[in-house]
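Okay, work-v3.txt is below, compact mmCIF, C-alpha atoms:
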# COMPACT_ATOMS: atom_id res chain seq x y z
CA MET A 1 2.98 23.87 5.76
CA PHE A 2 3.27 25.02 2.13
CA PRO A 3 0.73 26.35 -0.38
CA LYS A 4 -1.69 23.57 -1.33
CA GLN A 5 -1.84 24.65 -4.94
CA SER A 6 1.95 24.25 -5.30
CA TYR A 7 2.08 20.47 -4.63
CA ARG A 8 0.01 17.33 -4.98
CA LEU A 9 0.21 13.66 -4.09
CA PRO A 10 0.64 11.87 -7.44
CA ALA A 11 -1.24 8.79 -8.54
CA GLU A 12 0.82 5.61 -8.57
CA TRP A 13 0.61 5.27 -12.36
CA GLU A 14 2.36 8.60 -12.98
CA PRO A 15 6.02 8.59 -14.16
CA GLN A 16 8.43 7.21 -11.59
CA SER A 17 12.17 7.50 -10.93
CA GLY A 18 12.38 4.11 -9.23
CA VAL A 19 11.11 1.72 -6.57
CA GLN A 20 12.49 1.06 -3.10
CA LEU A 21 12.93 -2.46 -1.75
CA THR A 22 14.07 -2.88 1.86
CA TRP A 23 15.93 -6.17 1.69
CA PRO A 24 15.15 -9.19 3.94
CA HIS A 25 17.82 -10.39 6.37
CA ALA A 26 18.31 -12.84 9.21
CA ASP A 27 17.41 -10.34 11.95
CA THR A 28 13.83 -9.97 10.70
CA ASP A 29 10.81 -12.24 10.99
CA TRP A 30 11.86 -13.67 7.62
CA ALA A 31 14.69 -15.65 9.26
CA PRO A 32 12.96 -19.08 9.15
CA MET A 33 12.28 -18.70 5.42
CA LEU A 34 15.07 -16.37 4.38
CA ASP A 35 16.07 -18.27 1.23
CA ASP A 36 12.48 -18.37 -0.03
CA ILE A 37 11.73 -14.69 0.60
CA THR A 38 15.08 -13.57 -0.80
CA GLU A 39 14.27 -15.38 -4.04
CA ILE A 40 10.90 -13.59 -4.24
CA TYR A 41 12.60 -10.23 -3.64
CA ARG A 42 15.07 -11.05 -6.41
CA GLN A 43 12.15 -11.76 -8.74
CA MET A 44 10.51 -8.46 -7.79
CA ALA A 45 13.76 -6.58 -8.34
CA GLU A 46 14.36 -8.24 -11.72
CA ALA A 47 10.82 -7.43 -12.86
CA ILE A 48 11.01 -3.81 -11.73
CA LYS A 49 14.43 -3.08 -13.21
CA ARG A 50 13.15 -4.01 -16.68
CA TYR A 51 11.15 -0.78 -16.48
CA GLU A 52 12.91 1.51 -13.98
CA PRO A 53 15.67 1.62 -11.33
CA VAL A 54 15.49 -0.27 -8.04
CA LEU A 55 16.74 1.30 -4.79
CA VAL A 56 17.81 -1.53 -2.48
CA VAL A 57 17.96 -0.58 1.21
CA GLU A 58 20.31 -2.65 3.38
CA PRO A 59 20.98 -0.80 6.67
CA PRO A 60 19.91 -2.26 10.02
CA THR A 61 16.12 -2.64 9.91
CA ASN A 62 13.38 -4.16 12.03
CA ASP A 63 11.60 -5.46 8.97
CA THR A 64 11.18 -4.93 5.23
CA TRP A 65 7.80 -3.27 4.58
CA ALA A 66 9.01 -0.32 2.50
CA ARG A 67 5.44 0.79 1.75
CA ASP A 68 4.92 1.80 5.35
CA HIS A 69 8.29 3.21 6.38
CA GLY A 70 9.22 4.83 3.04
CA PHE A 71 8.89 8.50 2.16
CA ILE A 72 5.51 9.71 0.91
CA THR A 73 6.39 12.11 -1.89
CA LEU A 74 4.60 15.21 -3.13
CA VAL A 75 5.34 16.49 -6.63
CA PRO A 76 5.42 20.17 -7.55
CA CYS A 77 2.72 21.71 -9.69
CA THR A 78 5.24 24.17 -11.15
CA PRO A 79 8.64 23.27 -12.62
CA ASN A 80 10.73 25.54 -10.37
CA LEU A 81 10.00 23.58 -7.15
CA GLU A 82 11.56 20.43 -5.70
CA PRO A 83 9.64 17.28 -4.73
CA ARG A 84 8.66 17.18 -1.05
CA LEU A 85 9.81 14.05 0.82
CA LEU A 86 7.38 13.60 3.70
CA ASP A 87 8.83 11.58 6.57
CA PHE A 88 5.92 10.40 8.72
CA LYS A 89 6.28 8.35 11.88
CA PHE A 90 6.11 4.58 11.44
CA ASN A 91 5.35 2.83 14.73
CA GLY A 92 4.81 -0.79 13.73
CA TRP A 93 1.13 -0.43 12.81
CA GLY A 94 0.02 0.98 16.13
CA GLU A 95 2.92 -0.26 18.30
CA LYS A 96 2.28 -3.92 17.48
CA PHE A 97 5.91 -4.52 16.48
CA PRO A 98 9.31 -2.83 17.00
CA ALA A 99 9.91 -0.09 14.44
CA ASP A 100 12.69 2.19 15.68
CA LEU A 101 15.20 1.11 13.01
CA ASP A 102 12.63 1.26 10.22
CA ASN A 103 11.52 4.72 11.33
CA ALA A 104 15.11 5.96 10.85
CA ILE A 105 15.55 4.70 7.26
CA ASN A 106 14.21 7.79 5.49
CA ARG A 107 16.54 10.23 7.23
CA ARG A 108 19.48 7.99 6.44
CA LEU A 109 18.57 7.73 2.75
CA TYR A 110 18.22 11.49 2.58
CA ASP A 111 21.48 12.23 4.43
CA GLU A 112 23.35 9.81 2.14
CA GLY A 113 21.96 11.52 -0.96
CA ARG A 114 20.09 8.47 -2.21
CA VAL A 115 16.95 10.54 -2.78
CA LYS A 116 16.56 14.11 -3.98
CA GLY A 117 14.05 16.70 -2.83
CA LEU A 118 13.19 18.78 0.21
CA TYR A 119 13.03 16.72 3.42
CA VAL A 120 9.87 17.48 5.43
CA ASP A 121 9.73 16.30 9.06
CA CYS A 122 6.26 14.88 9.74
CA LEU A 123 7.38 12.61 12.57
CA ASP A 124 4.75 14.01 14.94
CA PHE A 125 2.07 12.14 12.95
CA VAL A 126 1.73 8.39 12.34
CA LEU A 127 0.97 7.55 8.71
CA GLU A 128 1.80 4.48 6.63
CA GLY A 129 2.01 4.54 2.84
CA GLY A 130 -0.29 1.54 2.58
CA SER A 131 -3.05 3.44 4.36
CA ILE A 132 -3.59 6.03 1.60
CA GLU A 133 -4.43 6.03 -2.11
CA SER A 134 -4.34 9.11 -4.38
CA ASP A 135 -5.92 9.84 -7.75
CA GLY A 136 -3.32 12.56 -8.38
CA ARG A 137 -6.08 15.18 -8.63
CA GLY A 138 -6.76 16.00 -5.00
CA THR A 139 -8.70 12.96 -3.76
CA VAL A 140 -7.12 10.68 -1.17
CA PHE A 141 -8.76 7.42 -0.02
CA THR A 142 -8.14 5.93 3.42
CA THR A 143 -9.95 3.77 5.98
CA THR A 144 -11.45 4.58 9.34
CA GLY A 145 -10.35 1.16 10.56
CA CYS A 146 -6.67 2.07 10.20
CA LEU A 147 -6.38 5.77 10.86
CA LEU A 148 -8.68 5.68 13.88
CA ALA A 149 -7.10 2.52 15.32
CA PRO A 150 -5.47 2.60 18.77
CA HIS A 151 -1.90 3.79 19.27
CA ARG A 152 -1.68 5.81 16.08
CA ASN A 153 -2.73 9.43 16.50
CA GLN A 154 -4.97 9.54 19.55
CA PRO A 155 -6.48 11.64 20.98
CA MET A 156 -7.03 13.27 17.56
CA THR A 157 -10.58 13.01 16.22
CA GLN A 158 -11.47 11.86 12.72
CA GLN A 159 -12.02 15.46 11.66
CA GLN A 160 -8.67 16.54 13.08
CA ILE A 161 -6.93 13.68 11.27
CA GLU A 162 -8.70 14.60 8.05
CA ASN A 163 -7.62 18.21 8.40
CA ARG A 164 -4.03 17.11 8.96
CA LEU A 165 -4.12 14.85 5.90
CA LYS A 166 -5.52 17.62 3.72
CA GLU A 167 -2.88 20.06 4.91
CA THR A 168 0.11 17.73 4.69
CA LEU A 169 -0.83 15.84 1.52
CA CYS A 170 -2.20 18.93 -0.25
CA ALA A 171 -5.51 17.10 -0.74
CA GLU A 172 -8.85 18.60 -1.66
CA ARG A 173 -10.86 15.83 -0.04
CA ILE A 174 -10.43 12.65 1.99
CA VAL A 175 -12.68 9.67 1.21
CA TRP A 176 -13.08 7.40 4.26
CA ILE A 177 -13.86 3.72 3.63
CA ASP A 178 -15.64 2.33 6.68
CA HIS A 179 -15.73 -1.42 5.98
CA GLY A 180 -13.66 -4.27 4.59
CA ALA A 181 -11.22 -5.69 7.13
CA LEU A 182 -9.37 -8.84 6.02
CA THR A 183 -8.84 -11.69 8.46
CA GLY A 184 -5.23 -11.88 9.61
CA ASP A 185 -4.43 -8.27 8.69
CA ASP A 186 -1.93 -6.60 11.07
CA THR A 187 -2.50 -3.12 9.61
CA ASP A 188 -6.07 -2.54 10.84
CA GLY A 189 -7.32 -2.30 7.28
CA HIS A 190 -4.86 -0.63 4.91
CA ILE A 191 -6.59 0.73 1.84
CA ASP A 192 -4.05 -0.98 -0.44
CA THR A 193 -5.41 -4.37 0.60
CA LEU A 194 -9.00 -3.38 -0.19
CA VAL A 195 -9.53 -0.59 -2.74
CA ARG A 196 -7.13 0.78 -5.34
CA ILE A 197 -7.57 3.93 -7.40
CA CYS A 198 -6.84 3.45 -11.12
CA PRO A 199 -6.90 5.69 -14.21
CA ASP A 200 -10.15 7.09 -15.59
CA ASP A 201 -11.93 7.17 -12.19
CA THR A 202 -11.77 3.39 -11.86
CA LEU A 203 -11.71 1.58 -8.51
CA LEU A 204 -10.40 -1.97 -8.26
CA TYR A 205 -11.69 -3.53 -5.07
CA MET A 206 -11.75 -6.83 -3.24
CA GLY A 207 -15.04 -8.68 -3.42
CA CYS A 208 -16.40 -11.81 -1.81
CA ASP A 209 -19.34 -13.78 -3.23
CA ASP A 210 -19.38 -16.60 -0.68
CA PRO A 211 -21.82 -15.85 2.18
CA LYS A 212 -20.07 -18.52 4.26
CA ASP A 213 -16.75 -16.65 4.11
CA GLU A 214 -16.03 -14.79 7.34
CA GLN A 215 -15.09 -11.70 5.31
CA TYR A 216 -18.28 -11.66 3.23
CA HIS A 217 -20.35 -9.25 5.34
CA GLU A 218 -17.69 -6.55 5.68
CA LEU A 219 -16.70 -6.69 2.03
CA LYS A 220 -20.32 -6.54 0.93
CA LEU A 221 -20.81 -3.40 3.05
CA MET A 222 -17.66 -1.93 1.50
CA GLU A 223 -18.97 -2.69 -1.98
CA GLN A 224 -22.23 -0.91 -1.17
CA GLN A 225 -20.31 2.13 0.06
CA LEU A 226 -18.23 2.22 -3.11
CA GLN A 227 -21.38 2.14 -5.22
CA LEU A 228 -22.55 5.33 -3.50
CA LEU A 229 -19.27 7.22 -3.90
CA ARG A 230 -18.87 9.99 -6.43
CA THR A 231 -15.81 11.58 -7.98
CA ILE A 232 -14.83 15.12 -7.09
CA ASP A 233 -16.93 16.31 -10.05
CA GLY A 234 -19.98 14.28 -9.05
CA ARG A 235 -19.82 11.19 -11.28
CA PRO A 236 -19.98 7.56 -10.12
CA TYR A 237 -16.76 5.57 -10.17
CA ARG A 238 -16.20 2.71 -12.57
CA LEU A 239 -16.04 -0.32 -10.28
CA LEU A 240 -14.09 -3.51 -11.07
CA LYS A 241 -14.37 -6.30 -8.50
CA LEU A 242 -11.39 -8.54 -7.83
CA PRO A 243 -11.97 -12.15 -6.73
CA MET A 244 -11.20 -13.38 -3.24
CA PRO A 245 -8.37 -15.93 -3.13
CA HIS A 246 -9.22 -19.28 -1.65
CA PRO A 247 -8.29 -19.16 2.07
CA ILE A 248 -4.60 -19.53 2.81
CA TYR A 249 -3.60 -20.63 6.30
CA GLU A 250 -0.32 -20.40 8.19
CA ASN A 251 1.97 -23.31 7.24
CA GLY A 252 -0.52 -24.29 4.57
CA GLN A 253 -2.88 -25.96 7.01
CA TRP A 254 -5.72 -25.30 9.41
CA SER A 255 -4.33 -24.22 12.76
CA MET A 256 -5.80 -22.72 15.89
CA VAL A 257 -4.33 -19.56 17.44
CA ASN A 258 -6.19 -18.01 20.36
CA GLY A 259 -9.33 -19.91 19.42
CA GLN A 260 -9.44 -18.70 15.80
CA TYR A 261 -8.32 -20.13 12.49
CA ASP A 262 -4.98 -18.59 11.53
CA ARG A 263 -6.01 -17.27 8.10
CA LEU A 264 -3.61 -15.08 6.16
CA PRO A 265 -4.79 -11.82 4.51
CA ALA A 266 -4.31 -12.76 0.85
CA THR A 267 -5.56 -10.06 -1.52
CA TYR A 268 -5.22 -9.29 -5.21
CA ALA A 269 -5.56 -5.55 -4.53
CA ASN A 270 -1.97 -5.37 -3.29
CA PHE A 271 -0.45 -4.80 -6.75
CA LEU A 272 2.31 -2.33 -7.69
CA VAL A 273 2.07 0.05 -10.65
CA ILE A 274 5.39 1.01 -12.27
CA ASN A 275 6.42 2.63 -15.54
CA GLY A 276 4.70 0.54 -18.20
CA ALA A 277 3.78 -2.46 -16.04
CA VAL A 278 1.71 -3.67 -13.11
CA LEU A 279 3.21 -6.28 -10.79
CA CYS A 280 0.37 -8.37 -9.39
CA PRO A 281 0.33 -10.84 -6.48
CA THR A 282 -0.57 -14.43 -7.25
CA TYR A 283 -1.17 -17.27 -4.79
CA GLY A 284 -0.77 -20.54 -6.66
CA GLN A 285 -4.49 -20.62 -7.51
CA PRO A 286 -4.46 -20.59 -11.34
CA ASP A 287 -8.18 -19.98 -11.87
CA LEU A 288 -8.41 -17.02 -9.50
CA ASP A 289 -4.90 -15.73 -10.26
CA ASP A 290 -5.71 -15.56 -13.99
CA GLU A 291 -9.05 -13.89 -13.34
CA ALA A 292 -7.44 -11.26 -11.11
CA LEU A 293 -4.68 -10.49 -13.64
CA HIS A 294 -7.28 -10.12 -16.38
CA ILE A 295 -9.36 -7.67 -14.32
CA ILE A 296 -6.30 -5.63 -13.36
CA GLY A 297 -5.44 -5.54 -17.05
CA GLU A 298 -8.85 -3.99 -17.75
CA ALA A 299 -7.94 -1.12 -15.44
CA PHE A 300 -4.45 -0.75 -16.95
CA PRO A 301 -4.86 -1.63 -20.66
CA ASN A 302 -1.60 0.09 -21.65
CA HIS A 303 0.55 -1.73 -19.09
CA ASP A 304 2.22 -5.12 -19.09
CA ILE A 305 0.55 -7.29 -16.42
CA ILE A 306 3.10 -9.42 -14.54
CA GLY A 307 2.24 -11.99 -11.88
CA ILE A 308 4.56 -12.48 -8.89
CA ASP A 309 4.02 -15.52 -6.65
CA CYS A 310 3.41 -14.03 -3.19
CA ARG A 311 2.78 -17.19 -1.20
CA SER A 312 6.01 -16.63 0.72
CA ILE A 313 5.29 -12.95 1.38
CA ILE A 314 1.77 -13.59 2.66
CA ARG A 315 3.18 -15.80 5.42
CA GLN A 316 4.24 -12.55 7.13
CA HIS A 317 0.76 -11.05 6.56
CA GLY A 318 1.69 -8.73 3.68
CA SER A 319 1.93 -8.88 -0.08
CA LEU A 320 3.64 -7.30 -3.07
CA HIS A 321 2.62 -3.64 -2.69
CA CYS A 322 3.51 -3.74 1.01
CA CYS A 323 7.12 -4.64 0.14
CA THR A 324 7.67 -1.70 -2.22
CA MET A 325 7.57 2.09 -2.37
CA GLN A 326 7.60 3.91 -5.68
CA TYR A 327 9.10 7.39 -6.07
CA PRO A 328 8.01 9.99 -8.64
CA GLU A 329 10.31 11.49 -11.24
CA ASN A 330 13.43 13.38 -10.07
CA VAL A 331 13.66 11.68 -6.65
CA ILE A 332 15.84 8.54 -6.84
CA GLN A 333 19.40 9.39 -7.86

Mind converting the file's structure to structure tokens?
Amino acid sequence: MFPKQSYRLPAEWEPQSGVQLTWPHADTDWAPMLDDITEIYRQMAEAIKRYEPVLVVEPPTNDTWARDHGFITLVPCTPNLEPRLLDFKFNGWGEKFPADLDNAINRRLYDEGRVKGLYVDCLDFVLEGGSIESDGRGTVFTTTGCLLAPHRNQPMTQQQIENRLKETLCAERIVWIDHGALTGDDTDGHIDTLVRICPDDTLLYMGCDDPKDEQYHELKLMEQQLQLLRTIDGRPYRLLKLPMPHPIYENGQWSMVNGQYDRLPATYANFLVINGAVLCPTYGQPDLDDEALHIIGEAFPNHDIIGIDCRSIIRQHGSLHCCTMQYPENVIQ
């Protein structure tokens, strides 16, 4: 597609030109709680704009998950090249939900001049921003649960998908995480709900210490896999374990849907890194919220750590990072 050595997928903590928010409206699933979610989006926007610009998207949309329908941006390794705006296909997390309007947002932003760079059509491949994490130095994390899930890129094999990721994202290696699904997750296991890459070869990851929790076994297997991982130069990662929020259920109560408890996929890993700050999801659980913010602060000691109450967002099975998409320098006008 273009020479690998000319571009790279930046880490989230690198300098940014702004953050995209795709605004909630009455024609989305937010309709029954539109006032509540709009207030949370206002809080996110106010927090972000203290540090960098906010790009608010308000065309017709199916939903508001900017992380998964937004551009994935490559930055040049030499100053004479433009950023590459990769427009992948978004199909509602494997055709679970309508996504035709969301899938058209990127082209509209580009045609209207809201973002700057070279548009790259990748619409023959399904890829969501929440399904990948980059260290900015050639390593990209993802999950087998998501990228090999039905109705995404079949009949491609795992090796074919890996080759495509390496080519398109200019990656040196793809690290596949094989465990860690959260109950109630519509995404089939996005990496940004489970494991986040941080500066200095640090991994923040979701843990679970309660053997009675239905997520315990998978998260323990994920933890064991992380302990065996090595950086591209052969060193173990620094691992920081985030606590598991107390279970949150739809409508705040125990309910039965198709014979299962309707648990929501609350996670502290779904934080957003911006210029000089980290916006972190909280869930009205002061003990665990404070612990999570403290641990995230260990990974980002030079950033302000800001909690955002995400109890409204989690009702639609997402959290703070899912609602946002950051853009590197020289992209947002």

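Distance-wise, CA of Ile313 (chain A) and CA of Gly184 (chain A) end up 13.4 Å apart.
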
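Coordinates place CA of Pro211 (chain A) at a distance of 28.5 Å from CA of Ile132 (chain A).
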
Q. Trp93 (chain A): which residues within 8 Å, counting all atoms listed in the file, same-chain residues fewer than 2 positions away excluded, as number ranges by chain?
A. A: 90-91, 95-97, 128, 152, 186-188

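Between Glu12 (chain A) and the candidates A:Val75, A:Leu118, A:Ala104, A:Met244, the tightest atom-to-atom separation, counting all atoms listed in the file, involves A:Val75.
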
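In this model, the gap between CA of Val19 (chain A) and CA of Pro53 (chain A) comes to 6.6 Å.
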
Give me, as CSV, each residue of region 55-103 of chain A that comes within 12 Å of region 31-45 of chain A, together with its shortest interatomic pair and the distance in Å at one decimal, counting all atoms listed in the file, with rows ordered by chain and rising residue number.
residue,atom,partner,partner_atom,distance
A:Leu55,CA,A:Ala45,CA,9.1
A:Val56,CA,A:Ala45,CA,8.7
A:Asn62,CA,A:Ala31,CA,11.9
A:Asp63,CA,A:Ala31,CA,10.7
A:Thr64,CA,A:Tyr41,CA,10.4
A:Trp65,CA,A:Tyr41,CA,11.8

Q | Close residues, Thr139 (chain A) itself excluded, 7 Å, only C-alpha atoms, min 2 positions apart in chain, as an NGL selection string | A | :A and (134-135 or 137 or 141 or 171-174)

Q: Step by step: start from the point (-10.8, -14.6, 7.4) in the file's coordinates, keep every protein, DNA or RNA residue that has an atom no farther than 9 Å from it, count all atoms listed in the file, and write the set as JSON, numbers by chain.
A: {"A": [181, 182, 183, 184, 213, 214, 215, 247, 261, 262, 263, 264, 265]}

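The nearest approach to Tyr237 (chain A) among the residues A:Leu101, A:Ile305, A:Val278, A:Leu204, with only C-alpha atoms taken into account, belongs to A:Leu204.
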
Q: Excluding Thr282 (chain A) and any residue of its chain fewer than 6 positions from it, enumerate the residues within 12 Å of it, using only C-alpha atoms, and give them as a ChimeraX atom specification.
A: /A:40,243-246,248,266-271,288-293,305-314,319-320

Q.
Please list, as a ChimeraX atom specification, the residues that have an atom at most 7 Å away from (5.4, 6.3, 3.4) in the coordinates of this file, counting all atoms listed in the file.
A. /A:67-72,88,128-129
